[in-house]
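Below is one structure, written out as structure tokens; comments come after it.
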Amino acid sequence: MMAELFYALPMAIVVLGAFVLMLMSNIEGINLNRLNLVAVFFLMISLVLEFMSFGSTHEVYLFEEVFGDSFILDDFATMFDLMFTAGAILTLLINNDYFKSRDYISGEYFALILFSVFGMMMLSHAHELVTAFIALEIASLSVYTLVGYHKNNRISAEAMMKYMVLGSMTGAFFMLGTAMIYGAVGSTALSEIAFYVNNREVEELTLVIVGASFIMVTIMFKIGAVPFHGWIVDVYHGAPYPITMFMASTFKIAIFAIALRLYLVGFASINSFWTEILQVITILTLFGGSWLAISQNVVKRMLAGSSIVHSGYLLIGISSLGLDSELAASAIMFYLIAYFLSAAGAFGILSFIASQSKKQMRYEDFKGFAHRRPYMALLMSIFMLSLAGFPSTIGFLGKFYIFTSAIESGQIMLAGLGILIAFISVFYYFKLIAMMYFYPSEIPQKKLPINISTILIAMMGLIVVWGGIGTSLIPFIPGADGFIDIAVQVIRSLR
Amino acid sequence: MVVVAKFDPNGGMQFIQQSPWIVNSGMHYLVGIDALSLVILLLIALLMPPLYIYMLHERRKGYWYNMMLLQTGVSGAVLSLDLVLFYLFWETMLLPIFIMIGKYGNGMHQYNAMKIVLMTILGSMSMLFSILYIGYVYYDTTGVWSFALSDLTTITFEAQTSIWLTAGFLLAFAIKIPLVGFHTWMAPAYGSAPTPAVVILSAIMAKLGIYGIWRFGYGLFETTLSYYAPIIIILALIGLLYYAIRAITEDNLRKMFAYSSGSHLSLIALGLFLENQYAWSGSLYFIATHALASAGIFFMIGLTYKRFKSVHISELGGIAQVAPRFTFFFAFFALSIAGLPGTGGFVAELLIIIGAFSMNFWVGVFTALSMVSAMLYVFWMLQRTLFGKAHNSCQDIKDLSFREVLMLLPLVVMLLVTGIAPSLFTPFFEPYLATTLADLLQSIGGLK
């Protein structure tokens, strides 16, 4: 019992932190800075605890006598927890200046972020469909609120409405799918479903397949796969910068956590059923996302479009999973880590700039940026190169593994298409680099403030490069292959 | 330079260093050299000091970062024996070129920088696809991942697959060289790039396209390349003449020598695909001498721009009257581009032409035409710029300074030595070429 309590502690601490923040935000005289630090403090404790329990590959159901097997603790979930808490910490710390520069932000803001992290952690631990749905809704509801937090801003309010209405509707599909699966299997626990699916012929599984397809609709909506992508650009644009960063880097990964678990555990034996559908969705997502990203003028919207493309790459990995690729699962995991680092860095820089001025950031506004802020421009270039998959960054290795897994599973066309899309993406990422470096600036060079935001961004830049070229020769520091080792270990712990 | 002394011409790959990079996927930091990479490596070592001397003039910090990165990229690409490592360096050298053209270039430099990057990346992406596929085939047959060249040469492909994979590689290299049809980035990029970038572009990077075919093309797909050989020979012949004609009509000196460079690289590619001993020695020799000569001429054009603020032939004239030293160096490099007897270019061109005649009479004639046309545009250009009536802009200019002479002198000396005494160098690469060629002919013959 005590051991299980210890395992559940990371989640408990985050939700406890959220309550403490709710209470604290009503006390006069506590400013945002302090609240932010409190939030980070709780997340840090959680992060340390997760770090301690990572790597022991235990697979235990938490509080089995109370919850049955709804919660599982394995390295897979812990790795995702690590990414969620790290993502939230980065969001909070990098955006410290941003929070102070906007007057609409109040104390509950931090509580909501923590609630959402709690929801995501629950999602990665969920081993049962209803639990997964509740966790997903906890995370989503907090994010809906966060997106529309600036309620006097028309764009922000519109983004919130759009996201909430569409999100709730697709959430209903998840529920419907769960009900159907329950109707067939008589249980919503993943282990029961897996057992049921393993012992039946495909012809007997119609109801399960239909139900799972409904669940897939929800997942596709949340990761912004075409044709469920209509919301993504507007919502990312309307949300405040910290929340865009949070959604793009952290929330999206949470969806992949549940998707991978369902695909690899619950429906493992019939997952090749969806391969053709997934391939079509992948192709649509890759092209649709590229088109959206190319046609944007505002950098934030471009990154929103490009995040659709990255979902597309991940979908290549998922559809290779269905064709029995050995590499694909760890490739997806690695890609998620790589994407998390690069996207968080890129959005972090955007919100760092946004904290200094309230202008919208178009491509033209980046003219001469390298002259004004040389170090920021360098880091931004690193993140752009990583997102584009340029070699010597972690993004290249991510794409490398994804494409190799696609070739391995025989989807040569899809791999070729992915490479073509990577070529197209070079255009819109390099366009930003070109804007930053190729034009002179009228404003003289500014001094780079050394504070927690800039230090964190610089560290992420270093990790992105080290993850691409680092060797494992230096003791105690994992090189580029350290990351893939982690990914392999994580996938192995799934059951 | 130390490497040369230790180099054993009869051995294969030497100075091999290996350290793990990403072990599970079989990517290693695997480097080594043989005669082929030695030549290009020596060129890099020879060209970089003059470049750095040149850059002392221009007080721009950005040049230095970029040139260091560029040197890393090109040396790494030449040294690496692992396909993924090669790809990494191949892409890395693009980045400094992008920044240098875009940031310090002139004319429509932003547009041209984007153009060169997009075109080159299109090529390298297709190469990446081929690399991944080859890696997978190796994994499929042996059960372990490896991207080391020595491992990958052991596998054989089906004819159809092999043709596609070769196409992936060839696209990358054809864009880099550039063969005619893949060349639209060349003139704008050369035209708007700053001098150090142009020198590297024409002297080293274009040669890497040839190097790539030689090392990876003949390393992995020696039989399939013969399938492509007629197409490439025709493209190279067209390129040879097309570029020469463009060079004759061009007024901008930078673009003129860009086209001349394209013409000569077509000649090298032609020599490579003729697949006989003369042509191969010629090609390898030409790689070296053309790099020296074109580096020299682009330095001179850079100096011209610095003095006259123009590189248009119509705005120059009569330089010989005011600046004799300048005239000497300018004429020397231009003539060695044209293949004047006594310079290295002549020996190399002669070898390739002999090779071409031994294959087919008409191919030989067309190849020989390149030499004539080069003479044509070079002499005409010299007449208009150096001699004749002094143009207004050329009245009071400074002659070459000591530093500039110091920078150019090694190139002149090397060109003369390679031209007068080629027998000093041939022992270094002849054995390598002979064995590789014998292998190649054997494997082609074995198939037939």
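Ligands are numbered from 1 in the order shown, chains are lettered A, B, ... in the order of the structure tokens, and residues start at 1 in each chain.
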Q: Pull out every residue of chain B that has at least one atom within 10 Å of chain A, counting only C-alpha atoms, and report them as a VMD selection string.
A: chain B and resid 19 to 25 27 to 29 84 to 85 87 to 92 95 98 to 105 109 to 111 113 to 115 117 to 119 121 to 126 128 to 133 135 to 137 139 to 140
Take the residues that were just selected and, keeping N, CA and C atoms, output them as a compact mmCIF listing (two decimals), in the first residue's frame.
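Here's the written file again02.txt:
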# COMPACT_ATOMS: atom_id res chain seq x y z
N SER B 19 34.66 5.61 -34.56
CA SER B 19 34.16 5.68 -33.19
C SER B 19 32.65 5.61 -33.27
N PRO B 20 32.03 5.01 -32.28
CA PRO B 20 30.59 4.81 -32.37
C PRO B 20 29.84 6.13 -32.31
N TRP B 21 28.78 6.21 -33.07
CA TRP B 21 27.96 7.40 -33.01
C TRP B 21 26.57 6.97 -32.53
N ILE B 22 25.91 6.23 -33.37
CA ILE B 22 24.61 5.72 -32.94
C ILE B 22 24.65 4.24 -33.22
N VAL B 23 24.95 3.48 -32.20
CA VAL B 23 25.37 2.11 -32.43
C VAL B 23 24.21 1.23 -32.91
N ASN B 24 23.04 1.37 -32.28
CA ASN B 24 21.95 0.44 -32.62
C ASN B 24 21.60 0.53 -34.09
N SER B 25 21.72 1.71 -34.67
CA SER B 25 21.33 1.82 -36.06
C SER B 25 22.53 1.71 -36.97
N MET B 27 25.15 3.51 -37.27
CA MET B 27 25.80 4.70 -37.80
C MET B 27 27.07 4.92 -36.99
N HIS B 28 28.17 5.07 -37.67
CA HIS B 28 29.43 5.27 -36.96
C HIS B 28 30.11 6.50 -37.48
N TYR B 29 30.95 7.05 -36.62
CA TYR B 29 31.81 8.12 -37.10
C TYR B 29 33.01 7.43 -37.72
N VAL B 84 25.47 7.80 -43.69
CA VAL B 84 24.70 8.80 -42.95
C VAL B 84 25.60 9.95 -42.54
N LEU B 85 26.84 9.62 -42.18
CA LEU B 85 27.80 10.67 -41.82
C LEU B 85 28.06 11.55 -43.03
N TYR B 87 26.04 12.10 -45.48
CA TYR B 87 24.85 12.91 -45.69
C TYR B 87 24.85 14.10 -44.73
N LEU B 88 25.25 13.82 -43.49
CA LEU B 88 25.29 14.89 -42.49
C LEU B 88 26.20 16.02 -42.93
N PHE B 89 27.42 15.66 -43.37
CA PHE B 89 28.36 16.71 -43.76
C PHE B 89 27.91 17.37 -45.06
N TRP B 90 27.34 16.57 -45.93
CA TRP B 90 26.87 17.06 -47.23
C TRP B 90 25.85 18.18 -47.03
N GLU B 91 24.94 17.98 -46.05
CA GLU B 91 23.96 19.02 -45.79
C GLU B 91 24.57 20.17 -45.01
N THR B 92 25.49 19.83 -44.10
CA THR B 92 26.06 20.87 -43.26
C THR B 92 26.75 21.94 -44.08
N LEU B 95 24.57 24.96 -45.33
CA LEU B 95 24.08 26.01 -44.44
C LEU B 95 24.93 27.28 -44.51
N PHE B 98 24.34 29.07 -47.71
CA PHE B 98 23.03 29.75 -47.66
C PHE B 98 23.16 31.09 -46.96
N ILE B 99 23.79 31.06 -45.77
CA ILE B 99 23.90 32.29 -44.99
C ILE B 99 24.80 33.30 -45.71
N MET B 100 25.90 32.81 -46.30
CA MET B 100 26.84 33.76 -46.91
C MET B 100 26.23 34.42 -48.13
N ILE B 101 25.55 33.63 -48.97
CA ILE B 101 24.94 34.25 -50.14
C ILE B 101 23.85 35.20 -49.70
N GLY B 102 23.02 34.74 -48.75
CA GLY B 102 21.87 35.55 -48.36
C GLY B 102 22.26 36.79 -47.61
N LYS B 103 23.29 36.68 -46.79
CA LYS B 103 23.58 37.81 -45.93
C LYS B 103 24.56 38.78 -46.57
N TYR B 104 25.61 38.25 -47.21
CA TYR B 104 26.64 39.14 -47.72
C TYR B 104 26.63 39.25 -49.23
N GLY B 105 25.66 38.65 -49.88
CA GLY B 105 25.67 38.63 -51.33
C GLY B 105 25.20 39.94 -51.91
N HIS B 109 20.05 38.52 -53.80
CA HIS B 109 20.74 37.45 -53.07
C HIS B 109 19.81 36.62 -52.21
N GLN B 110 18.77 37.24 -51.62
CA GLN B 110 17.87 36.45 -50.78
C GLN B 110 17.21 35.34 -51.60
N TYR B 111 16.72 35.76 -52.77
CA TYR B 111 16.04 34.81 -53.64
C TYR B 111 17.00 33.71 -54.10
N ALA B 113 19.76 32.67 -52.70
CA ALA B 113 20.15 31.79 -51.61
C ALA B 113 19.09 30.72 -51.40
N MET B 114 17.82 31.16 -51.42
CA MET B 114 16.73 30.20 -51.22
C MET B 114 16.74 29.17 -52.35
N LYS B 115 17.02 29.66 -53.56
CA LYS B 115 16.97 28.78 -54.72
C LYS B 115 18.03 27.69 -54.62
N VAL B 117 19.48 26.57 -52.00
CA VAL B 117 19.20 25.65 -50.90
C VAL B 117 18.11 24.67 -51.29
N LEU B 118 17.04 25.18 -51.88
CA LEU B 118 15.93 24.28 -52.19
C LEU B 118 16.35 23.25 -53.23
N MET B 119 17.07 23.71 -54.26
CA MET B 119 17.45 22.75 -55.30
C MET B 119 18.39 21.69 -54.76
N ILE B 121 18.76 20.74 -51.67
CA ILE B 121 18.13 19.85 -50.70
C ILE B 121 17.22 18.85 -51.40
N LEU B 122 16.60 19.28 -52.49
CA LEU B 122 15.80 18.32 -53.26
C LEU B 122 16.67 17.12 -53.65
N GLY B 123 17.87 17.45 -54.13
CA GLY B 123 18.79 16.37 -54.50
C GLY B 123 19.16 15.53 -53.30
N SER B 124 19.52 16.20 -52.20
CA SER B 124 20.03 15.41 -51.08
C SER B 124 18.91 14.60 -50.42
N MET B 125 17.67 15.08 -50.52
CA MET B 125 16.57 14.29 -49.96
C MET B 125 16.42 12.99 -50.74
N SER B 126 16.55 13.10 -52.07
CA SER B 126 16.44 11.86 -52.86
C SER B 126 17.59 10.93 -52.52
N LEU B 128 18.99 10.80 -49.56
CA LEU B 128 18.66 10.25 -48.24
C LEU B 128 17.76 9.04 -48.38
N PHE B 129 16.78 9.16 -49.28
CA PHE B 129 15.87 8.04 -49.49
C PHE B 129 16.65 6.80 -49.92
N SER B 130 17.56 7.00 -50.88
CA SER B 130 18.36 5.87 -51.34
C SER B 130 19.19 5.29 -50.21
N ILE B 131 19.78 6.19 -49.41
CA ILE B 131 20.63 5.72 -48.31
C ILE B 131 19.82 4.86 -47.35
N LEU B 132 18.62 5.37 -46.99
CA LEU B 132 17.78 4.62 -46.05
C LEU B 132 17.43 3.26 -46.62
N TYR B 133 17.11 3.27 -47.92
CA TYR B 133 16.69 2.00 -48.51
C TYR B 133 17.84 1.00 -48.54
N GLY B 135 20.38 0.94 -46.53
CA GLY B 135 20.57 0.50 -45.15
C GLY B 135 19.59 -0.59 -44.79
N TYR B 136 18.35 -0.40 -45.23
CA TYR B 136 17.33 -1.41 -44.91
C TYR B 136 17.63 -2.73 -45.61
N VAL B 137 18.05 -2.66 -46.87
CA VAL B 137 18.35 -3.91 -47.59
C VAL B 137 19.47 -4.66 -46.88
N TYR B 139 20.14 -4.50 -43.74
CA TYR B 139 19.55 -5.05 -42.52
C TYR B 139 18.75 -6.31 -42.84
N ASP B 140 18.06 -6.25 -43.95
CA ASP B 140 17.22 -7.38 -44.33
C ASP B 140 18.06 -8.62 -44.62
Contacts of Gln296 of chain A at 10 Å (only C-alpha atoms; same-chain gap of 5+ positions) as a PDB file with N, CA and C atoms, in the first residue's frame:
ATOM      1  N   VAL A 233      -5.272  25.688 -36.731  1.00  0.00           N
ATOM      2  CA  VAL A 233      -4.535  26.927 -36.989  1.00  0.00           C
ATOM      3  C   VAL A 233      -5.156  28.090 -36.220  1.00  0.00           C
ATOM      4  N   TRP A 291       0.420  22.464 -46.962  1.00  0.00           N
ATOM      5  CA  TRP A 291      -0.261  23.554 -47.649  1.00  0.00           C
ATOM      6  C   TRP A 291      -0.596  24.668 -46.661  1.00  0.00           C
ATOM      7  N   ARG A 301       1.032  30.936 -36.857  1.00  0.00           N
ATOM      8  CA  ARG A 301       0.132  30.106 -37.668  1.00  0.00           C
ATOM      9  C   ARG A 301       0.922  29.098 -38.488  1.00  0.00           C
ATOM     10  N   MET A 302       2.107  29.539 -38.967  1.00  0.00           N
ATOM     11  CA  MET A 302       2.951  28.612 -39.727  1.00  0.00           C
ATOM     12  C   MET A 302       3.336  27.426 -38.847  1.00  0.00           C
ATOM     13  N   LEU A 303       3.713  27.725 -37.597  1.00  0.00           N
ATOM     14  CA  LEU A 303       4.095  26.627 -36.705  1.00  0.00           C
ATOM     15  C   LEU A 303       2.898  25.731 -36.417  1.00  0.00           C
ATOM     16  N   ALA A 304       1.701  26.340 -36.357  1.00  0.00           N
ATOM     17  CA  ALA A 304       0.501  25.530 -36.167  1.00  0.00           C
ATOM     18  C   ALA A 304       0.326  24.582 -37.348  1.00  0.00           C
ATOM     19  N   GLY A 305       0.474  25.125 -38.559  1.00  0.00           N
ATOM     20  CA  GLY A 305       0.367  24.280 -39.743  1.00  0.00           C
ATOM     21  C   GLY A 305       1.414  23.192 -39.725  1.00  0.00           C
ATOM     22  N   ARG A 362       4.673  38.555 -37.796  1.00  0.00           N
ATOM     23  CA  ARG A 362       4.657  38.103 -39.176  1.00  0.00           C
ATOM     24  C   ARG A 362       6.083  37.761 -39.569  1.00  0.00           C
ATOM     25  N   TYR A 363       6.203  37.166 -40.762  1.00  0.00           N
ATOM     26  CA  TYR A 363       7.550  36.885 -41.250  1.00  0.00           C
ATOM     27  C   TYR A 363       8.356  38.181 -41.346  1.00  0.00           C
ATOM     28  N   TYR A 428       9.422  26.542 -45.720  1.00  0.00           N
ATOM     29  CA  TYR A 428       8.873  27.514 -44.768  1.00  0.00           C
ATOM     30  C   TYR A 428       9.710  27.673 -43.523  1.00  0.00           C
TER      31      TYR A 428
END
Determine which residues of segment 94-195 of chain B DSSP labels as helix (DSSP H, G or I) from the backbone of this structure, then write them out as a CSV table (one decimal) with N, CA and C atoms, in the first residue's frame.
chain,number,residue,atom,x,y,z
B,94,LEU,N,25.9,23.1,-46.8
B,94,LEU,CA,25.0,24.0,-47.5
B,94,LEU,C,24.6,25.2,-46.6
B,95,LEU,N,24.6,25.0,-45.3
B,95,LEU,CA,24.1,26.0,-44.4
B,95,LEU,C,24.9,27.3,-44.5
B,96,PRO,N,26.3,27.2,-44.4
B,96,PRO,CA,27.1,28.4,-44.5
B,96,PRO,C,27.0,29.1,-45.8
B,97,ILE,N,26.8,28.3,-46.9
B,97,ILE,CA,26.7,28.9,-48.2
B,97,ILE,C,25.4,29.7,-48.3
B,98,PHE,N,24.3,29.1,-47.7
B,98,PHE,CA,23.0,29.7,-47.7
B,98,PHE,C,23.2,31.1,-47.0
B,99,ILE,N,23.8,31.1,-45.8
B,99,ILE,CA,23.9,32.3,-45.0
B,99,ILE,C,24.8,33.3,-45.7
B,100,MET,N,25.9,32.8,-46.3
B,100,MET,CA,26.8,33.8,-46.9
B,100,MET,C,26.2,34.4,-48.1
B,101,ILE,N,25.6,33.6,-49.0
B,101,ILE,CA,24.9,34.3,-50.1
B,101,ILE,C,23.8,35.2,-49.7
B,102,GLY,N,23.0,34.7,-48.7
B,102,GLY,CA,21.9,35.5,-48.4
B,102,GLY,C,22.3,36.8,-47.6
B,103,LYS,N,23.3,36.7,-46.8
B,103,LYS,CA,23.6,37.8,-45.9
B,103,LYS,C,24.6,38.8,-46.6
B,104,TYR,N,25.6,38.2,-47.2
B,104,TYR,CA,26.6,39.1,-47.7
B,104,TYR,C,26.6,39.3,-49.2
B,109,HIS,N,20.1,38.5,-53.8
B,109,HIS,CA,20.7,37.4,-53.1
B,109,HIS,C,19.8,36.6,-52.2
B,110,GLN,N,18.8,37.2,-51.6
B,110,GLN,CA,17.9,36.4,-50.8
B,110,GLN,C,17.2,35.3,-51.6
B,111,TYR,N,16.7,35.8,-52.8
B,111,TYR,CA,16.0,34.8,-53.6
B,111,TYR,C,17.0,33.7,-54.1
B,112,ASN,N,18.2,34.1,-54.5
B,112,ASN,CA,19.2,33.1,-55.0
B,112,ASN,C,19.6,32.2,-53.9
B,113,ALA,N,19.8,32.7,-52.7
B,113,ALA,CA,20.2,31.8,-51.6
B,113,ALA,C,19.1,30.7,-51.4
B,114,MET,N,17.8,31.2,-51.4
B,114,MET,CA,16.7,30.2,-51.2
B,114,MET,C,16.7,29.2,-52.4
B,115,LYS,N,17.0,29.7,-53.6
B,115,LYS,CA,17.0,28.8,-54.7
B,115,LYS,C,18.0,27.7,-54.6
B,116,ILE,N,19.3,28.1,-54.3
B,116,ILE,CA,20.3,27.1,-54.2
B,116,ILE,C,20.0,26.1,-53.1
B,117,VAL,N,19.5,26.6,-52.0
B,117,VAL,CA,19.2,25.7,-50.9
B,117,VAL,C,18.1,24.7,-51.3
B,118,LEU,N,17.0,25.2,-51.9
B,118,LEU,CA,15.9,24.3,-52.2
B,118,LEU,C,16.4,23.3,-53.2
B,119,MET,N,17.1,23.7,-54.3
B,119,MET,CA,17.4,22.7,-55.3
B,119,MET,C,18.4,21.7,-54.8
B,120,THR,N,19.4,22.2,-54.0
B,120,THR,CA,20.3,21.2,-53.5
B,120,THR,C,19.7,20.2,-52.5
B,121,ILE,N,18.8,20.7,-51.7
B,121,ILE,CA,18.1,19.8,-50.7
B,121,ILE,C,17.2,18.9,-51.4
B,122,LEU,N,16.6,19.3,-52.5
B,122,LEU,CA,15.8,18.3,-53.3
B,122,LEU,C,16.7,17.1,-53.7
B,123,GLY,N,17.9,17.4,-54.1
B,123,GLY,CA,18.8,16.4,-54.5
B,123,GLY,C,19.2,15.5,-53.3
B,124,SER,N,19.5,16.2,-52.2
B,124,SER,CA,20.0,15.4,-51.1
B,124,SER,C,18.9,14.6,-50.4
B,125,MET,N,17.7,15.1,-50.5
B,125,MET,CA,16.6,14.3,-50.0
B,125,MET,C,16.4,13.0,-50.7
B,126,SER,N,16.6,13.1,-52.1
B,126,SER,CA,16.4,11.9,-52.9
B,126,SER,C,17.6,10.9,-52.5
B,127,MET,N,18.7,11.5,-52.2
B,127,MET,CA,19.9,10.7,-51.8
B,127,MET,C,19.6,10.0,-50.5
B,128,LEU,N,19.0,10.8,-49.6
B,128,LEU,CA,18.7,10.3,-48.2
B,128,LEU,C,17.8,9.0,-48.4
B,129,PHE,N,16.8,9.2,-49.3
B,129,PHE,CA,15.9,8.0,-49.5
B,129,PHE,C,16.6,6.8,-49.9
B,130,SER,N,17.6,7.0,-50.9
B,130,SER,CA,18.4,5.9,-51.3
B,130,SER,C,19.2,5.3,-50.2
B,131,ILE,N,19.8,6.2,-49.4
B,131,ILE,CA,20.6,5.7,-48.3
B,131,ILE,C,19.8,4.9,-47.3
B,132,LEU,N,18.6,5.4,-47.0
B,132,LEU,CA,17.8,4.6,-46.1
B,132,LEU,C,17.4,3.3,-46.6
B,133,TYR,N,17.1,3.3,-47.9
B,133,TYR,CA,16.7,2.0,-48.5
B,133,TYR,C,17.8,1.0,-48.5
B,134,ILE,N,19.0,1.5,-48.9
B,134,ILE,CA,20.2,0.6,-48.9
B,134,ILE,C,20.5,0.0,-47.5
B,135,GLY,N,20.4,0.9,-46.5
B,135,GLY,CA,20.6,0.5,-45.2
B,135,GLY,C,19.6,-0.6,-44.8
B,136,TYR,N,18.3,-0.4,-45.2
B,136,TYR,CA,17.3,-1.4,-44.9
B,136,TYR,C,17.6,-2.7,-45.6
B,137,VAL,N,18.1,-2.7,-46.9
B,137,VAL,CA,18.3,-3.9,-47.6
B,137,VAL,C,19.5,-4.7,-46.9
B,138,TYR,N,20.5,-3.9,-46.4
B,138,TYR,CA,21.5,-4.5,-45.7
B,138,TYR,C,21.0,-5.2,-44.4
B,139,TYR,N,20.1,-4.5,-43.7
B,139,TYR,CA,19.6,-5.1,-42.5
B,139,TYR,C,18.8,-6.3,-42.8
B,140,ASP,N,18.1,-6.3,-44.0
B,140,ASP,CA,17.2,-7.4,-44.3
B,140,ASP,C,18.1,-8.6,-44.6
B,141,THR,N,19.2,-8.4,-45.3
B,141,THR,CA,20.0,-9.6,-45.6
B,141,THR,C,20.9,-10.1,-44.4
B,142,THR,N,21.4,-9.2,-43.6
B,142,THR,CA,22.3,-9.6,-42.6
B,142,THR,C,21.8,-9.6,-41.2
B,149,LEU,N,30.3,2.1,-45.7
B,149,LEU,CA,30.4,1.9,-47.2
B,149,LEU,C,30.9,0.5,-47.4
B,150,SER,N,31.9,0.1,-46.6
B,150,SER,CA,32.6,-1.2,-46.8
B,150,SER,C,31.6,-2.4,-46.6
B,151,ASP,N,30.6,-2.2,-45.7
B,151,ASP,CA,29.6,-3.2,-45.5
B,151,ASP,C,28.6,-3.2,-46.6
B,152,LEU,N,28.2,-2.0,-47.1
B,152,LEU,CA,27.1,-1.9,-48.0
B,152,LEU,C,27.6,-2.4,-49.4
B,159,ALA,N,18.0,-5.5,-60.4
B,159,ALA,CA,18.3,-4.5,-61.4
B,159,ALA,C,17.4,-3.3,-61.3
B,160,GLN,N,16.1,-3.5,-61.2
B,160,GLN,CA,15.2,-2.4,-61.2
B,160,GLN,C,15.3,-1.5,-60.0
B,161,THR,N,15.5,-2.1,-58.8
B,161,THR,CA,15.7,-1.4,-57.6
B,161,THR,C,16.9,-0.5,-57.7
B,162,SER,N,18.0,-1.2,-58.2
B,162,SER,CA,19.3,-0.6,-58.3
B,162,SER,C,19.2,0.7,-59.2
B,163,ILE,N,18.4,0.6,-60.2
B,163,ILE,CA,18.3,1.8,-61.1
B,163,ILE,C,17.7,2.9,-60.4
B,164,TRP,N,16.6,2.6,-59.6
B,164,TRP,CA,16.0,3.7,-58.8
B,164,TRP,C,16.9,4.3,-57.8
B,165,LEU,N,17.6,3.4,-57.1
B,165,LEU,CA,18.5,3.9,-56.0
B,165,LEU,C,19.6,4.8,-56.6
B,166,THR,N,20.2,4.3,-57.7
B,166,THR,CA,21.2,5.1,-58.4
B,166,THR,C,20.7,6.4,-58.7
B,167,ALA,N,19.4,6.5,-59.2
B,167,ALA,CA,18.8,7.7,-59.6
B,167,ALA,C,18.8,8.7,-58.5
B,168,GLY,N,18.5,8.2,-57.3
B,168,GLY,CA,18.5,9.0,-56.1
B,168,GLY,C,19.8,9.7,-55.8
B,169,PHE,N,20.9,8.9,-55.9
B,169,PHE,CA,22.2,9.4,-55.7
B,169,PHE,C,22.5,10.4,-56.8
B,170,LEU,N,22.3,10.0,-58.1
B,170,LEU,CA,22.7,10.8,-59.2
B,170,LEU,C,22.1,12.1,-59.2
B,171,LEU,N,20.8,12.2,-58.8
B,171,LEU,CA,20.1,13.5,-58.7
B,171,LEU,C,20.8,14.5,-57.8
B,172,ALA,N,21.2,14.0,-56.7
B,172,ALA,CA,22.0,14.8,-55.7
B,172,ALA,C,23.2,15.3,-56.4
B,173,PHE,N,24.0,14.4,-57.0
B,173,PHE,CA,25.3,14.8,-57.5
B,173,PHE,C,25.1,15.6,-58.8
B,174,ALA,N,24.1,15.3,-59.6
B,174,ALA,CA,24.0,16.1,-60.8
B,174,ALA,C,23.6,17.5,-60.5
B,175,ILE,N,22.8,17.7,-59.4
B,175,ILE,CA,22.5,19.1,-59.0
B,175,ILE,C,23.7,19.8,-58.5
B,176,LYS,N,24.5,19.1,-57.8
B,176,LYS,CA,25.7,19.7,-57.2
B,176,LYS,C,26.8,20.1,-58.3
B,186,MET,N,22.9,27.8,-60.7
B,186,MET,CA,24.3,28.0,-60.7
B,186,MET,C,24.6,29.5,-61.0
B,187,ALA,N,24.2,30.0,-62.1
B,187,ALA,CA,24.6,31.3,-62.5
B,187,ALA,C,24.1,32.4,-61.5
B,188,PRO,N,22.9,32.3,-61.0
B,188,PRO,CA,22.4,33.3,-60.0
B,188,PRO,C,23.2,33.2,-58.7
B,189,ALA,N,23.5,32.0,-58.3
B,189,ALA,CA,24.2,31.8,-57.0
B,189,ALA,C,25.6,32.3,-57.1
B,190,TYR,N,26.3,32.0,-58.2
B,190,TYR,CA,27.7,32.5,-58.4
B,190,TYR,C,27.7,34.0,-58.5
B,191,GLY,N,26.6,34.5,-59.2
B,191,GLY,CA,26.6,35.9,-59.5
B,191,GLY,C,26.4,36.7,-58.2
B,192,SER,N,25.7,36.2,-57.3
B,192,SER,CA,25.4,37.0,-56.1
B,192,SER,C,26.2,36.6,-54.8
B,195,THR,N,32.9,36.6,-52.6
B,195,THR,CA,34.0,35.9,-53.2
B,195,THR,C,34.4,34.6,-52.5
Q: Counting only C-alpha atoms, figure out which residue out of B:Phe333, B:Phe328, B:Tyr278, B:Tyr377 gets nearest to Phe299 of chain B.
A: B:Phe333
